[in-house]
Structure formats: structure tokens, C-alpha cells
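Comments concern the structure below.
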Amino acid sequence: MASHKPTTRIDTHSSSQQWLGWGSRGDHRRIFAIALPMIISNIAAPLLGLVDTAIIGHLPESIYLSAVALGAMVVSFVFLLAIFLRMTTTAEAAQAFGADDQPATERTLVHALWLAWGLGVLLIVGGPGIIAGAWWIIQPSEELRLLASEYISIRLWAAPAALTNLVVLGVLLGRQQSKRAMVLVIFTNAVNVVGDVILIIGLGMTVAGAAWASVIAEVATALLGVAMLKPLLPTIGPLWRVQRDHLRRFASMNRDVFIRSLLLQLCMAVMTGYAARFGAVVVAANAVLMQFLLLISLGLDGIAYAVEALVGAARGRKNSGEIRFWMRLTLVWSCIFACLYSLTFWLAGNWIIQTLTDLPDVIAVANRYLIWLWILPLLGHWSYYFDGVYIGLGLTQAMRDTMAISALLVFVPVWLGGQALLENNNANHGLWLALSLFLLARGVSQYWMLTRRYAVLLK
């Protein structure tokens, strides 16, 4: 793999291509050269996942599908909490890429891999505790618990590989090689589907087959990913070189982003978990509406990836003017995506709901709360955008602090206050109000902290 040298200038060579100071066509193409492959990746993963589900769903007993779905939810939650490895690796890799600092890139990769492997081993060892904790919360039936436990136990053997894939993805995004990142995401899901066909249909392994197919996919992707990054580790030597100061700082960055991710996941879990108090129909309606957030993340996450890579590289070059430039251009696209989402949900929200469910009572209840999805993209896109800015600038402690402020001082009081003040048939509006203000508070607090405490980075 050829070394990918950083671009050291903004594409402003032709004034005729400039759009009122908001960048040239080449600059905007550069944003989408990063964002578009990741948007495609976000779309491809669930589509291939549908094939995975279809294979399991055609087994003679529905308990198999339930066990795989439940086990996959637990494993996904655990691995999702480890997303901090991807984010911090992107931050450090982007800075090193911008500075054209090969040793710094190697150092980041080595330390990230050590953390990934160490945490992966801990997840394997702590597997029984993870399973016990999950069943204490969920309390499934005995047969479902046994099958799902088997699935989780097998899947956790791939934890070191799964976390390695987060590191590889972080380095590729930091080095603005998002097409390769897209290839890895699609490769993982494709191998998983092929594994399902062979192990479940061919060998009749049911739940265990689904789990081992995922393990094979994770390990195969890790091997392919490390092979892609081999030029960054020309010999085995660097794998054993640990620089304690950098490792300590890198570990603290990961701790900060982990706390941020945990708080975010807990707030999101309340939207489904607490709604159980309002009845099964409201739970189902909220679950349907939460899929709108998945649609929102398809586009806004892609823009956030571009922000991370471009701002991080500019930070590596110590070019505050370039930082401001990329912040301005990516903000334009974040706003455009938010407006398009809001307009789409306003015009086609009912159709989307009916596509996701055909239950009349769930459709009726979901439509009652659909108005929140009209405004939520406009309020929430700031948090996606500033997450990208903060990762690019390496401000992980500030990310943690602003998340804590938004979760503890906005989401929790509005959630609890809404339940106390609103009648039962309107209490779910209180949940959606809490989520909307929470996302808005994240954007506002991030803007305030960036322009007050870290304004020197933008001068």
C-alpha cells in the first residue's frame, strides 16, 4: 500500500470556482470523498444484516431467531461502548497524518492495538459476568436464556478482533482513506452472510452457527485490516515499543470517550425502557420512531467522519485558518442534511412508519409523536457536527464534560419533570422533549466550551 501523503493546501486555486468564500467544488468533493463511503457503509451493514436475519428466520423454530436477536443486542451493546477506540484513534491518526509524522502514526497504532487486545481479553474473561448482568436486567425465559447465552459466549471470543477492527477503522478514517474503511465494513457483513449459509443451512448449526459466522467475519476482517496497515508497521519491532507518556495520555482519552458513550447509551435506553410504563403499544411506537434516528445517523455520521479527518489533519499542520475553513464547510453540509431530514419526515413520516410496521394501533400512536421527528434533526445535528470537531481537535475531556452536563442537567431533569407534570396519556411527550432538549444541549454546550475555553485553537 502506497503511503498516503497529506494534502497541505485548501483547493482555492481558482477564484471562479469559489462559492462566496465557502470553498471550491474540489473542497466540497473532498468532504464527500470521506463522507460518502461511510454513508454507503452505514447503509450496507443493515441491508446485509437483513439477509442474516432472513436465514435465521427461516429455521423451523422461532426461538432461534429470538435467541440470535437477543444475543446480538447484548454483544452489540458491549462492542458499541468500545467505540471510543475508533474515535480516539481517528483523532490521533488524523493529527499525525496532517503533520506527515510517520512515527506518531505508528505510535498511535501500536498503543491502540495494545488497548484493543487487552480489552478484548478482559471481555472474554468477563463473559460470564456480562451474560449474568444482561439476564438480571432482561430476565428472558429459560430456553431463550440458554440459547442466547451460547450465542454470546461464542461471539465474545472475537472481542480482540472486533476491537482491532475499530482501531483499523480509526486509522483509515484519520488518514482520509474512507473507501478502504467502506471495503472493510462491507467485507465483514459479506463474510458473515456466507458463514451463515454454510454453518446454518449447510451444517445445521442454528444459533451456534450464527455466532461462529460472526466470529469468522470479525477475525477475517481484522486480518485484512492489519494487512492494509502493514506499511505503518514495517517490522514486528514497533509492536513491542510502548511509550508510557503517550500510552497514558491515549488511555485517558479513551476513558473520557467511554464515559461520554456510556452516558449517551443510557439516555437512549430510557427512550425504550422507561416507555414500558406506558404500555406495550407505546414501547413499540417508540421503537419504530427510534429507527428515524438511525436514518438520521446515516447522513450526519458521514459528515461527522469528514469533520474528524479534515479538522484533525489541519490540527496536525497547526493551521488554525484551515481548521476554521473545514469547520465552516462541513457545518454547511450538516445543516443541509438536517433540513432535508426534517422535510422528509414531515412529508413522508407516516409512510416510513407504515413501512416499518403494519400494526394499526402502533401506527396511530407513532403518528401522535411524529412531530418530534420533524424538529429533532434541526436540534440534533449540532451534536453530531461538534462531536466530529471535538474528535478532530482531540478534546475528549471536553466531550465527556459536555455530555455529562447535557445528560445530568438537562435530560434527567426534563425526563423526570415531564413525567411528574404531564398526564399519563401525554407522558411519552415528556420523553421526546427530554431527548430533543438533550441533543440541543449537547450542541449548545459544545459550542460554548469551544468558543470560550478552547477559542485559542481557532485563532
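Every chain in the C-alpha cells takes a letter, A first, then B, and so on in the order presented; its residues are numbered from 1, and the ligands are numbered from 1 following the presented order.
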Could you pull the residues within 10 Å of stretch 347-356 of chain A, counting only C-alpha atoms, minus those fewer than 3 positions along the same chain, as a list in words? Ala285, Val288, Leu289, Gln291, Phe292, Tyr341, Ser342, Leu343, Thr344, Leu359, Pro360, Val362, Ile363, Ala364, Ala366, Asn367, Leu370, Ile371, Leu373 and Trp374 of chain A
Do you know which residues are at most 6 Å from stretch 388-397 of chain A counting only C-alpha atoms, after dropping those on the same chain fewer than 5 positions away, and could you put them as a VMD selection string? chain A and resid 91 253 256 304 307 to 308 311 to 312
With only C-alpha atoms as the atoms that count, which of A:Thr90, A:Gln139, A:Thr206, A:Thr105 lies nearest to A:Gly170?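 When distances to A:Gly170 are compared using only C-alpha atoms, the smallest one comes from A:Thr90.
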Among the residues A:Ile43, A:Ala275, A:Ala217, A:Leu329, the one that comes closest to A:Trp22 [using only C-alpha atoms]: A:Leu329
Would you kindly return, as a VMD selection string, each protein, DNA or RNA residue with an atom no farther than 8 Å from any atom of A:Leu433, considering only C-alpha atoms and excluding same-chain residues fewer than 5 positions away? chain A and resid 372 414 to 415
Once you have the residues from the selection above, write them out as a CSV table (one decimal), in the first residue's frame, restricted to C-alpha atoms.
```csv
chain,number,residue,atom,x,y,z
A,372,TRP,CA,-40.8,15.4,17.4
A,414,VAL,CA,-36.7,17.2,31.9
A,415,TRP,CA,-37.4,13.4,31.8
```
Hey, what's within 10 Å of A:Val183 if we count only C-alpha atoms and toss same-chain stuff fewer than 2 positions away? As a PyMOL selection string, please? chain A and resi 37-38+41+178-181+185-188+221+225
Applying 12 Å and only C-alpha atoms, which residues near A:Ala35 remain after dropping the ones on its own chain fewer than 5 positions away? List them as a ChimeraX atom specification. /A:28-30,40-42,173,176-179,181-182,297-310,330,333-334,388
Those same residues - N, CA and C atoms - I'd like them written as a compact mmCIF listing (two decimals), in the first residue's frame.
```
# COMPACT_ATOMS: atom_id res chain seq x y z
N HIS A 28 -15.50 20.73 -1.61
CA HIS A 28 -16.72 20.00 -1.26
C HIS A 28 -16.64 18.54 -1.70
N ARG A 29 -16.00 18.29 -2.83
CA ARG A 29 -15.79 16.91 -3.25
C ARG A 29 -14.92 16.18 -2.25
N ARG A 30 -13.96 16.89 -1.67
CA ARG A 30 -13.07 16.27 -0.68
C ARG A 30 -13.84 15.86 0.57
N ILE A 40 -22.41 5.02 2.66
CA ILE A 40 -22.69 3.74 1.99
C ILE A 40 -22.47 2.58 2.96
N SER A 41 -21.41 2.66 3.77
CA SER A 41 -21.14 1.61 4.76
C SER A 41 -22.28 1.51 5.76
N ASN A 42 -22.77 2.65 6.21
CA ASN A 42 -23.87 2.66 7.18
C ASN A 42 -25.14 2.06 6.59
N LEU A 173 -9.80 6.21 8.73
CA LEU A 173 -10.55 7.47 8.68
C LEU A 173 -9.64 8.65 8.97
N GLN A 176 -7.85 9.64 6.04
CA GLN A 176 -8.76 10.01 4.94
C GLN A 176 -8.82 8.93 3.87
N GLN A 177 -8.79 7.68 4.30
CA GLN A 177 -8.89 6.54 3.40
C GLN A 177 -10.23 5.83 3.64
N SER A 178 -11.31 6.58 3.51
CA SER A 178 -12.61 6.05 3.87
C SER A 178 -13.11 4.99 2.89
N LYS A 179 -12.61 4.96 1.65
CA LYS A 179 -13.00 3.90 0.73
C LYS A 179 -12.53 2.55 1.24
N ALA A 181 -12.05 1.90 4.40
CA ALA A 181 -12.91 1.63 5.55
C ALA A 181 -14.24 1.04 5.10
N MET A 182 -14.80 1.57 4.02
CA MET A 182 -16.04 1.04 3.46
C MET A 182 -15.87 -0.41 3.04
N SER A 297 -28.68 9.22 11.44
CA SER A 297 -27.25 8.97 11.64
C SER A 297 -26.56 8.53 10.35
N LEU A 298 -27.32 7.97 9.39
CA LEU A 298 -26.70 7.56 8.13
C LEU A 298 -25.97 8.72 7.47
N GLY A 299 -26.63 9.88 7.42
CA GLY A 299 -26.03 11.04 6.78
C GLY A 299 -25.15 11.85 7.70
N LEU A 300 -25.64 12.14 8.90
CA LEU A 300 -24.91 13.03 9.80
C LEU A 300 -23.63 12.38 10.31
N ASP A 301 -23.63 11.06 10.48
CA ASP A 301 -22.38 10.39 10.86
C ASP A 301 -21.34 10.52 9.75
N GLY A 302 -21.79 10.42 8.49
CA GLY A 302 -20.86 10.57 7.38
C GLY A 302 -20.19 11.93 7.39
N ILE A 303 -20.98 12.99 7.62
CA ILE A 303 -20.41 14.33 7.71
C ILE A 303 -19.48 14.44 8.92
N ALA A 304 -19.87 13.83 10.04
CA ALA A 304 -19.03 13.87 11.24
C ALA A 304 -17.67 13.21 10.99
N TYR A 305 -17.66 12.08 10.25
CA TYR A 305 -16.39 11.44 9.90
C TYR A 305 -15.50 12.39 9.11
N ALA A 306 -16.11 13.12 8.17
CA ALA A 306 -15.33 14.07 7.37
C ALA A 306 -14.78 15.19 8.25
N VAL A 307 -15.58 15.67 9.19
CA VAL A 307 -15.12 16.71 10.12
C VAL A 307 -13.91 16.21 10.90
N GLU A 308 -14.02 15.00 11.45
CA GLU A 308 -12.92 14.43 12.25
C GLU A 308 -11.62 14.41 11.45
N ALA A 309 -11.70 13.87 10.23
CA ALA A 309 -10.49 13.67 9.43
C ALA A 309 -9.89 14.99 8.97
N LEU A 310 -10.72 15.89 8.47
CA LEU A 310 -10.21 17.15 7.89
C LEU A 310 -9.74 18.11 8.97
N THR A 330 -18.05 21.99 6.50
CA THR A 330 -18.78 20.81 6.96
C THR A 330 -20.05 21.19 7.71
N TRP A 333 -22.90 21.50 5.23
CA TRP A 333 -23.49 20.23 4.84
C TRP A 333 -24.27 19.59 5.98
N SER A 334 -23.82 19.77 7.20
CA SER A 334 -24.59 19.26 8.34
C SER A 334 -25.97 19.93 8.40
N GLY A 388 -17.69 15.58 15.78
CA GLY A 388 -16.62 15.49 14.80
C GLY A 388 -15.54 16.53 15.03
```
